[in-house]
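Data block for target_4.cif (mmCIF, C-alpha atoms and all ligand atoms):
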```
data_entry
loop_
_atom_site.group_PDB
_atom_site.id
_atom_site.type_symbol
_atom_site.label_atom_id
_atom_site.label_comp_id
_atom_site.auth_asym_id
_atom_site.auth_seq_id
_atom_site.Cartn_x
_atom_site.Cartn_y
_atom_site.Cartn_z
ATOM 1 C CA MET A 1 134.048 248.646 223.734
ATOM 2 C CA ARG A 2 131.536 251.480 224.317
ATOM 3 C CA ALA A 3 132.272 254.907 222.939
ATOM 4 C CA GLU A 4 130.932 258.240 224.087
ATOM 5 C CA LEU A 5 127.389 258.956 223.015
ATOM 6 C CA VAL A 6 127.324 261.356 220.111
ATOM 7 C CA GLU A 7 124.117 263.249 219.614
ATOM 8 C CA THR A 8 122.795 263.047 216.057
ATOM 9 C CA SER A 9 119.611 262.169 214.296
ATOM 10 C CA LYS A 10 120.543 262.762 210.677
ATOM 11 C CA LYS A 11 121.507 259.672 208.701
ATOM 12 C CA SER A 12 123.668 261.748 206.353
ATOM 13 C CA LYS A 13 126.057 262.598 209.174
ATOM 14 C CA LEU A 14 126.588 259.043 210.232
ATOM 15 C CA ILE A 15 129.350 257.547 208.194
ATOM 16 C CA SER A 16 132.417 259.023 209.784
ATOM 17 C CA PRO A 17 135.959 257.987 210.619
ATOM 18 C CA GLN A 18 134.540 256.681 213.890
ATOM 19 C CA PHE A 19 132.990 253.832 211.902
ATOM 20 C CA PRO A 20 135.217 252.145 209.325
ATOM 21 C CA GLU A 21 133.564 250.260 206.481
ATOM 22 C CA MET A 22 132.391 246.770 207.446
ATOM 23 C CA ASP A 23 134.738 244.108 206.137
ATOM 24 C CA ASN A 24 133.294 241.222 204.126
ATOM 25 C CA GLN A 25 133.037 238.915 207.083
ATOM 26 C CA GLN A 26 131.210 241.499 209.184
ATOM 27 C CA TYR A 27 128.889 242.307 206.307
ATOM 28 C CA ALA A 28 128.123 238.601 205.812
ATOM 29 C CA GLN A 29 127.431 238.230 209.530
ATOM 30 C CA TRP A 30 124.953 241.127 209.614
ATOM 31 C CA THR A 31 123.148 240.182 206.422
ATOM 32 C CA ALA A 32 122.841 236.579 207.652
ATOM 33 C CA LEU A 33 121.286 237.786 210.916
ATOM 34 C CA LEU A 34 118.841 240.025 209.057
ATOM 35 C CA GLU A 35 117.865 237.216 206.716
ATOM 36 C CA LYS A 36 117.485 234.683 209.507
ATOM 37 C CA ARG A 37 115.219 236.938 211.559
ATOM 38 C CA THR A 38 113.229 238.773 208.910
ATOM 39 C CA GLY A 39 113.760 236.806 205.700
ATOM 40 C CA ILE A 40 115.040 239.964 204.031
ATOM 41 C CA ARG A 41 118.105 239.309 201.888
ATOM 42 C CA LEU A 42 120.157 242.438 201.271
ATOM 43 C CA PRO A 43 122.126 242.374 198.038
ATOM 44 C CA GLU A 44 125.684 243.714 197.877
ATOM 45 C CA LYS A 45 124.477 246.978 196.349
ATOM 46 C CA ARG A 46 122.595 247.695 199.604
ATOM 47 C CA ARG A 47 125.795 247.454 201.639
ATOM 48 C CA SER A 48 125.965 251.160 202.408
ATOM 49 C CA PHE A 49 122.281 251.114 203.468
ATOM 50 C CA LEU A 50 123.062 248.381 205.997
ATOM 51 C CA THR A 51 126.263 250.021 207.221
ATOM 52 C CA THR A 52 124.654 253.446 207.578
ATOM 53 C CA ASN A 53 121.761 252.151 209.599
ATOM 54 C CA VAL A 54 123.807 249.848 211.814
ATOM 55 C CA CYS A 55 126.222 252.721 212.464
ATOM 56 C CA MET A 56 123.354 255.042 213.301
ATOM 57 C CA ARG A 57 122.090 252.708 216.000
ATOM 58 C CA MET A 58 125.646 252.012 217.220
ATOM 59 C CA ARG A 59 126.208 255.722 217.586
ATOM 60 C CA GLU A 60 122.896 256.246 219.361
ATOM 61 C CA MET A 61 123.703 253.367 221.697
ATOM 62 C CA GLY A 62 127.321 254.349 222.253
ATOM 63 C CA PHE A 63 128.982 251.427 220.480
ATOM 64 C CA SER A 64 132.049 251.854 218.305
ATOM 65 C CA ASP A 65 132.768 248.255 217.374
ATOM 66 C CA TYR A 66 130.572 246.227 215.001
ATOM 67 C CA GLN A 67 131.275 242.969 216.826
ATOM 68 C CA ASP A 68 130.412 244.403 220.245
ATOM 69 C CA TYR A 69 127.120 245.689 218.880
ATOM 70 C CA PHE A 70 126.429 242.367 217.146
ATOM 71 C CA ASN A 71 127.044 240.516 220.436
ATOM 72 C CA HIS A 72 124.779 242.983 222.258
ATOM 73 C CA ILE A 73 121.951 242.379 219.777
ATOM 74 C CA ASN A 74 122.293 238.650 220.362
ATOM 75 C CA THR A 75 122.280 238.731 224.152
ATOM 76 C CA GLY A 76 119.349 238.711 226.561
ATOM 77 C CA ASN A 77 116.337 240.961 226.745
ATOM 78 C CA ASP A 78 118.295 244.157 226.086
ATOM 79 C CA GLY A 79 119.450 242.577 222.851
ATOM 80 C CA LYS A 80 115.843 241.790 221.870
ATOM 81 C CA VAL A 81 114.750 245.355 222.571
ATOM 82 C CA GLU A 82 117.658 246.750 220.585
ATOM 83 C CA TRP A 83 116.936 244.378 217.690
ATOM 84 C CA ASP A 84 113.432 245.849 217.489
ATOM 85 C CA GLN A 85 114.965 249.298 217.142
ATOM 86 C CA LEU A 86 117.476 248.218 214.528
ATOM 87 C CA VAL A 87 114.934 246.336 212.463
ATOM 88 C CA HIS A 88 112.879 249.521 212.211
ATOM 89 C CA HIS A 89 115.864 251.187 210.555
ATOM 90 C CA LEU A 90 116.518 248.256 208.238
ATOM 91 C CA THR A 91 112.986 247.988 206.878
ATOM 92 C CA VAL A 92 111.208 250.377 204.534
ATOM 93 C CA HIS A 93 108.029 251.966 205.909
ATOM 94 C CA GLU A 94 107.008 254.051 202.970
ATOM 95 C CA THR A 95 103.231 254.333 202.906
ATOM 96 C CA ARG A 96 100.471 256.902 202.678
ATOM 97 C CA PHE A 97 96.753 257.319 203.134
ATOM 98 C CA LEU A 98 94.668 256.013 200.220
ATOM 99 C CA ARG A 99 97.724 254.495 198.578
ATOM 100 C CA HIS A 100 95.654 251.630 197.205
ATOM 101 C CA GLU A 101 92.293 253.118 196.320
ATOM 102 C CA ALA A 102 91.491 250.221 193.992
ATOM 103 C CA SER A 103 91.829 247.772 196.909
ATOM 104 C CA GLN A 104 89.431 249.879 198.972
ATOM 105 C CA ASP A 105 87.042 250.013 196.028
ATOM 106 C CA LEU A 106 87.184 246.227 195.711
ATOM 107 C CA ILE A 107 86.237 245.838 199.373
ATOM 108 C CA CYS A 108 83.437 248.404 199.238
ATOM 109 C CA GLN A 109 81.997 247.514 195.831
ATOM 110 C CA LYS A 110 82.370 243.729 195.899
ATOM 111 C CA LEU A 111 82.487 242.533 199.496
ATOM 112 C CA LEU A 112 80.176 244.904 201.331
ATOM 113 C CA PRO A 113 76.414 245.266 200.831
ATOM 114 C CA GLN A 114 75.384 247.636 198.053
ATOM 115 C CA ARG A 115 71.831 248.205 199.288
ATOM 116 C CA LYS A 116 70.458 248.663 202.760
ATOM 117 C CA ALA A 117 68.301 245.585 202.255
ATOM 118 C CA ASP A 118 71.485 243.499 201.843
ATOM 119 C CA CYS A 119 72.968 244.578 205.149
ATOM 120 C CA LYS A 120 71.652 241.496 206.900
ATOM 121 C CA LYS A 121 73.874 239.358 204.670
ATOM 122 C CA LEU A 122 77.008 240.837 206.164
ATOM 123 C CA PRO A 123 78.847 238.479 208.479
ATOM 124 C CA HIS A 124 78.355 239.284 212.143
ATOM 125 C CA THR A 125 81.783 240.889 212.133
ATOM 126 C CA PHE A 126 83.646 242.034 209.059
ATOM 127 C CA ASN A 127 87.302 241.232 209.771
ATOM 128 C CA VAL A 128 90.180 242.745 207.860
ATOM 129 C CA TRP A 129 93.899 242.166 208.355
ATOM 130 C CA SER A 130 96.516 244.577 207.045
ATOM 131 C CA VAL A 131 99.798 242.640 206.938
ATOM 132 C CA GLY A 132 102.879 244.895 206.899
ATOM 133 C CA CYS A 133 100.807 247.918 207.899
ATOM 134 C CA ALA A 134 103.836 250.174 208.580
ATOM 135 C CA THR A 135 102.677 253.341 210.391
ATOM 136 C CA GLY A 136 98.970 252.618 209.981
ATOM 137 C CA GLU A 137 97.884 254.662 206.961
ATOM 138 C CA GLU A 138 96.775 251.524 205.088
ATOM 139 C CA PRO A 139 94.519 250.019 207.786
ATOM 140 C CA TYR A 140 93.054 253.415 208.665
ATOM 141 C CA SER A 141 92.327 254.123 204.983
ATOM 142 C CA ILE A 142 90.481 250.809 204.758
ATOM 143 C CA ALA A 143 88.643 251.536 208.003
ATOM 144 C CA MET A 144 87.542 254.968 206.736
ATOM 145 C CA ALA A 145 86.438 253.558 203.373
ATOM 146 C CA ILE A 146 84.365 250.817 205.022
ATOM 147 C CA ASP A 147 82.855 253.150 207.580
ATOM 148 C CA GLU A 148 81.997 255.728 204.915
ATOM 149 C CA HIS A 149 80.390 253.092 202.701
ATOM 150 C CA MET A 150 78.359 251.518 205.487
ATOM 151 C CA SER A 151 77.249 254.788 207.024
ATOM 152 C CA GLN A 152 76.077 256.047 203.621
ATOM 153 C CA LEU A 153 73.960 252.901 203.315
ATOM 154 C CA GLY A 154 72.694 253.400 206.832
ATOM 155 C CA CYS A 155 73.799 249.887 207.830
ATOM 156 C CA GLU A 156 74.673 248.893 211.324
ATOM 157 C CA TYR A 157 77.795 246.811 211.222
ATOM 158 C CA TYR A 158 80.810 245.748 213.172
ATOM 159 C CA MET A 159 84.251 245.993 211.645
ATOM 160 C CA GLY A 160 87.442 244.700 213.214
ATOM 161 C CA ILE A 161 90.745 245.598 211.610
ATOM 162 C CA MET A 162 93.963 243.948 212.645
ATOM 163 C CA ALA A 163 97.144 245.688 211.576
ATOM 164 C CA SER A 164 100.482 243.941 211.952
ATOM 165 C CA ASP A 165 104.092 244.770 211.220
ATOM 166 C CA ILE A 166 107.532 243.650 212.319
ATOM 167 C CA SER A 167 108.505 247.146 213.444
ATOM 168 C CA ARG A 168 107.317 248.137 216.902
ATOM 169 C CA SER A 169 108.263 251.759 216.246
ATOM 170 C CA ALA A 170 106.054 251.876 213.165
ATOM 171 C CA LEU A 171 103.214 250.241 215.107
ATOM 172 C CA ALA A 172 103.537 252.835 217.865
ATOM 173 C CA VAL A 173 102.838 255.580 215.308
ATOM 174 C CA GLY A 174 99.822 253.665 214.036
ATOM 175 C CA ARG A 175 98.515 253.153 217.539
ATOM 176 C CA SER A 176 98.812 256.856 218.324
ATOM 177 C CA GLY A 177 96.970 257.682 215.090
ATOM 178 C CA ILE A 178 98.840 260.992 214.916
ATOM 179 C CA TYR A 179 100.025 262.211 211.517
ATOM 180 C CA SER A 180 101.730 265.307 210.164
ATOM 181 C CA ALA A 181 99.878 267.868 208.045
ATOM 182 C CA GLN A 182 102.055 266.683 205.149
ATOM 183 C CA LYS A 183 100.578 263.178 205.457
ATOM 184 C CA MET A 184 97.076 264.612 205.318
ATOM 185 C CA LYS A 185 97.363 265.832 201.757
ATOM 186 C CA TYR A 186 96.109 262.473 200.483
ATOM 187 C CA VAL A 187 93.036 262.448 202.718
ATOM 188 C CA PRO A 188 89.883 263.880 201.110
ATOM 189 C CA PRO A 189 88.622 266.970 203.017
ATOM 190 C CA GLN A 190 85.355 265.287 203.996
ATOM 191 C CA TRP A 191 87.247 262.354 205.540
ATOM 192 C CA ARG A 192 89.612 264.738 207.286
ATOM 193 C CA GLN A 193 86.649 266.402 208.867
ATOM 194 C CA LYS A 194 84.853 263.198 209.764
ATOM 195 C CA TYR A 195 87.691 260.993 210.998
ATOM 196 C CA PHE A 196 90.436 263.335 212.274
ATOM 197 C CA SER A 197 90.818 266.082 214.798
ATOM 198 C CA ALA A 198 93.441 268.799 214.508
ATOM 199 C CA ASN A 199 95.919 268.974 217.372
ATOM 200 C CA LYS A 200 97.357 272.247 218.651
ATOM 201 C CA ASP A 201 100.801 271.360 217.269
ATOM 202 C CA GLY A 202 99.501 271.268 213.682
ATOM 203 C CA LYS A 203 99.274 267.481 213.547
ATOM 204 C CA TYR A 204 96.117 265.452 213.057
ATOM 205 C CA GLN A 205 94.823 262.524 215.054
ATOM 206 C CA ILE A 206 92.454 259.789 213.985
ATOM 207 C CA ASN A 207 89.300 259.990 216.100
ATOM 208 C CA SER A 208 89.165 257.556 218.962
ATOM 209 C CA GLU A 209 86.101 255.769 217.564
ATOM 210 C CA LEU A 210 88.002 254.772 214.433
ATOM 211 C CA ARG A 211 91.226 254.090 216.348
ATOM 212 C CA GLN A 212 89.352 251.609 218.494
ATOM 213 C CA ARG A 213 88.414 249.643 215.395
ATOM 214 C CA VAL A 214 92.066 249.066 214.464
ATOM 215 C CA CYS A 215 94.186 246.761 216.581
ATOM 216 C CA PHE A 216 97.950 247.033 216.038
ATOM 217 C CA HIS A 217 99.978 243.948 216.733
ATOM 218 C CA GLN A 218 103.621 243.046 216.217
ATOM 219 C CA ALA A 219 104.105 240.008 213.988
ATOM 220 C CA ASN A 220 106.859 238.748 211.758
ATOM 221 C CA VAL A 221 105.332 237.633 208.501
ATOM 222 C CA LEU A 222 107.676 234.645 208.479
ATOM 223 C CA GLU A 223 106.338 233.408 211.791
ATOM 224 C CA LEU A 224 102.640 233.787 211.174
ATOM 225 C CA GLY A 225 102.072 230.149 211.952
ATOM 226 C CA LYS A 226 102.217 231.184 215.589
ATOM 227 C CA MET A 227 99.416 233.783 215.417
ATOM 228 C CA PRO A 228 96.372 232.947 217.559
ATOM 229 C CA ILE A 229 93.769 234.784 215.467
ATOM 230 C CA GLY A 230 90.419 233.992 213.880
ATOM 231 C CA TYR A 231 89.454 233.875 210.222
ATOM 232 C CA MET A 232 89.580 237.042 208.137
ATOM 233 C CA ASP A 233 87.130 238.245 205.496
ATOM 234 C CA VAL A 234 89.877 240.260 203.845
ATOM 235 C CA ILE A 235 93.648 240.092 204.105
ATOM 236 C CA VAL A 236 95.602 242.922 202.542
ATOM 237 C CA CYS A 237 99.330 242.448 202.066
ATOM 238 C CA GLN A 238 100.776 245.145 199.848
ATOM 239 C CA ASN A 239 104.320 246.363 199.252
ATOM 240 C CA LEU A 240 105.828 243.865 201.640
ATOM 241 C CA LEU A 241 106.401 240.853 199.405
ATOM 242 C CA ILE A 242 108.731 242.885 197.176
ATOM 243 C CA TYR A 243 111.391 242.576 199.873
ATOM 244 C CA TYR A 244 111.384 238.794 199.580
ATOM 245 C CA ASP A 245 112.554 236.295 197.004
ATOM 246 C CA GLN A 246 109.992 234.277 195.065
ATOM 247 C CA PRO A 247 110.012 231.119 197.264
ATOM 248 C CA ARG A 248 109.508 233.221 200.398
ATOM 249 C CA ARG A 249 106.712 235.221 198.775
ATOM 250 C CA THR A 250 104.956 231.973 197.954
ATOM 251 C CA LYS A 251 105.447 230.669 201.472
ATOM 252 C CA ILE A 252 104.122 233.887 203.056
ATOM 253 C CA VAL A 253 101.053 233.981 200.820
ATOM 254 C CA ASP A 254 100.350 230.254 201.345
ATOM 255 C CA THR A 255 100.366 230.924 205.083
ATOM 256 C CA LEU A 256 98.035 233.923 204.755
ATOM 257 C CA VAL A 257 95.519 231.723 202.930
ATOM 258 C CA GLU A 258 95.164 229.658 206.101
ATOM 259 C CA TYR A 259 93.784 232.699 207.911
ATOM 260 C CA LEU A 260 91.090 233.442 205.339
ATOM 261 C CA ALA A 261 87.437 232.703 206.026
ATOM 262 C CA PRO A 262 85.529 230.789 203.320
ATOM 263 C CA LYS A 263 84.999 233.301 200.450
ATOM 264 C CA GLY A 264 87.587 235.516 202.119
ATOM 265 C CA VAL A 265 89.656 237.672 199.782
ATOM 266 C CA LEU A 266 93.401 238.158 199.725
ATOM 267 C CA ILE A 267 94.579 241.432 198.179
ATOM 268 C CA LEU A 268 98.213 241.854 197.126
ATOM 269 C CA ALA A 269 99.909 244.704 195.283
ATOM 270 C CA VAL A 270 99.821 244.355 191.522
ATOM 271 C CA GLY A 271 102.923 242.576 190.237
ATOM 272 C CA GLU A 272 104.079 241.317 193.619
ATOM 273 C CA LEU A 273 103.367 237.671 192.954
ATOM 274 C CA ILE A 274 103.604 235.874 189.665
ATOM 275 C CA HIS A 275 102.744 232.285 188.726
ATOM 276 C CA TRP A 276 101.145 231.595 192.100
ATOM 277 C CA SER A 277 98.335 229.152 192.459
ATOM 278 C CA HIS A 278 96.726 227.460 195.418
ATOM 279 C CA PRO A 279 94.164 224.659 195.394
ATOM 280 C CA ASP A 280 91.802 226.633 197.681
ATOM 281 C CA MET A 281 92.092 229.960 195.875
ATOM 282 C CA GLU A 282 90.803 231.500 192.660
ATOM 283 C CA ARG A 283 91.565 234.847 191.028
ATOM 284 C CA PHE A 284 89.143 237.577 192.001
ATOM 285 C CA PRO A 285 89.223 240.000 189.101
ATOM 286 C CA PHE A 286 88.887 243.684 189.884
ATOM 287 C CA ALA A 287 90.512 246.569 188.005
ATOM 288 C CA ASN A 288 94.021 247.548 189.125
ATOM 289 C CA THR A 289 94.221 244.927 191.837
ATOM 290 C CA LEU A 290 95.779 241.526 192.361
ATOM 291 C CA ALA A 291 93.243 239.614 194.409
ATOM 292 C CA TYR A 292 92.313 236.005 195.127
ATOM 293 C CA ARG A 293 89.238 234.519 196.758
ATOM 294 C CA ARG A 294 89.013 231.437 198.894
ATOM 295 C CA LYS A 295 86.779 228.958 197.108
HETATM 296 C C1 LIG B 1 106.694 249.559 202.341
HETATM 297 S S1 LIG B 1 105.847 249.184 203.807
HETATM 298 C C2 LIG B 1 104.226 248.855 203.178
HETATM 299 C C3 LIG B 1 103.167 249.536 204.000
HETATM 300 C C4 LIG B 1 101.734 249.354 203.462
HETATM 301 N N1 LIG B 1 101.366 247.976 203.390
HETATM 302 C C5 LIG B 1 101.552 250.015 202.119
HETATM 303 O O1 LIG B 1 101.462 249.317 201.126
HETATM 304 O O2 LIG B 1 101.532 251.245 202.066
HETATM 305 C C6 LIG B 1 106.436 247.535 204.184
HETATM 306 C C7 LIG B 1 106.236 247.153 205.635
HETATM 307 O O3 LIG B 1 106.493 245.760 205.766
HETATM 308 C C8 LIG B 1 107.092 245.558 207.029
HETATM 309 N N2 LIG B 1 107.818 244.288 207.050
HETATM 310 C C9 LIG B 1 108.967 243.980 206.421
HETATM 311 N N3 LIG B 1 109.353 242.726 206.733
HETATM 312 C C10 LIG B 1 108.414 242.240 207.565
HETATM 313 C C11 LIG B 1 108.240 241.009 208.241
HETATM 314 N N4 LIG B 1 109.135 240.006 208.127
HETATM 315 N N5 LIG B 1 107.145 240.844 208.999
HETATM 316 C C12 LIG B 1 106.237 241.848 209.132
HETATM 317 N N6 LIG B 1 106.351 243.036 208.555
HETATM 318 C C13 LIG B 1 107.421 243.241 207.767
HETATM 319 C C14 LIG B 1 108.011 246.754 207.201
HETATM 320 O O4 LIG B 1 108.336 246.973 208.563
HETATM 321 C C15 LIG B 1 107.188 247.870 206.580
HETATM 322 O O5 LIG B 1 106.472 248.585 207.547
#
```

Once more with this new file: its structure as structure tokens, please.
Amino acid sequence: MRAELVETSKKSKLISPQFPEMDNQQYAQWTALLEKRTGIRLPEKRRSFLTTNVCMRMREMGFSDYQDYFNHINTGNDGKVEWDQLVHHLTVHETRFLRHEASQDLICQKLLPQRKADCKKLPHTFNVWSVGCATGEEPYSIAMAIDEHMSQLGCEYYMGIMASDISRSALAVGRSGIYSAQKMKYVPPQWRQKYFSANKDGKYQINSELRQRVCFHQANVLELGKMPIGYMDVIVCQNLLIYYDQPRRTKIVDTLVEYLAPKGVLILAVGELIHWSHPDMERFPFANTLAYRRK
């Protein structure tokens, strides 16, 4: 049954008599779908988070019945498109520029040349993959750090950054490279000047030269086995594993290892993986990071 479209964009307005609480069976059905498709298991205490966000999309789409919306999500191409929208609301995209400065420092101080004379040792292409890149602040921060480091050395280099996420909406922001003034408060003034241009509407856009270095691509971290990509010198996967249970974290990280070049480095967020070991990997110690290097 489709209801009249009600115009709203504020989550706080969404729970209304129009949408009764999900019963246990409905809740189980939605959480099972989310877990099957994304691996994310929502505990009971997140019930209102799920209900609020499902209701928001139902309202935007003109649905008033949970089952009708569930059937819609599971039918045909329209269902696939709508799932992409819903998944954006059910995943957390919190991020910011320079959120992980220690990870950038590791890349610049340990993996890139430190003297101009060493530039020849750099691989032909320095490939980085940001897994769970959200709206792009992480891959762009890495791109700026690498570019700054290499240009200060006066090295010619080629950097390719792949940035992937499950949310197409988040990726669209990254691809546009447009950020609010609020987001810019973490960007050092000299980087703001070098890598951004101010738009008339008060927002800032990453310069096209840097944008071209970052390729945004939709990928579900649970289905990485299907990705047709080459080997990476660095894989960064931060603040994504926390949404998964321990066995899934291990499985995701084991899969990422397969995409690392020899001596490639995997950087996770501190505390996101405990008691993990892999026959091809060794710890790569660097202050305030959790990193491993392919042997
Ligand atoms: C909290 S953000 C982290 C962003 C960035 N890495 C950082 O640390 O600032 C987590 C991101 O992981 C993405 N994500 C969650 N589950 C995913 C999955 N199964 N596959 C790919 N990305 C996923 C979310 O869409 C979200 O953008």

Q: Would you work out the distance separating CA of Ile242 (chain A) from CA of Val187 (chain A), expressed in Å to one decimal?
A: 25.7 Å

Q: May I ask you to write as a ChimeraX atom specification all residues lying at most 6 Å from ligand LIG 1 (chain B), with all atoms listed in the file counted?
A: /A:38,91-96,132-134,138,165-167,219-222,238-240

Q) When you draw a straight line from CA of Gly136 (chain A) to CA of Gln218 (chain A), how long is it in Å? A) 12.3 Å

Q | For Ser164 (chain A), the nearest of the candidates A:Cys215, A:Val87, A:Ile229, A:Val234, counting all atoms listed in the file | A | A:Cys215

Q. In Å, with one decimal, what is the gap from CA of Val54 (chain A) to CA of Gln67 (chain A)?
A.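 Atom-to-atom, CA of Val54 (chain A) and CA of Gln67 (chain A) are spaced 11.3 Å apart.
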
Q: Given the file shown, determine the residues that the PyMOL selection byres (((chain A and resi 287-292) around 7) and not hetatm) selects; report them as an MDAnalysis selection string.
A: chainID A and resid 102:103 265:270 281:286 293:294

Q. Evaluating the PyMOL selection byres (((chain A and resi 107-114) around 10) and not hetatm) on the displayed file yields which residues, as a PyMOL selection string?
A. chain A and resi 101-106+115-123+126+128+142+145-150+153+155+233-234+263-265+267+284+286
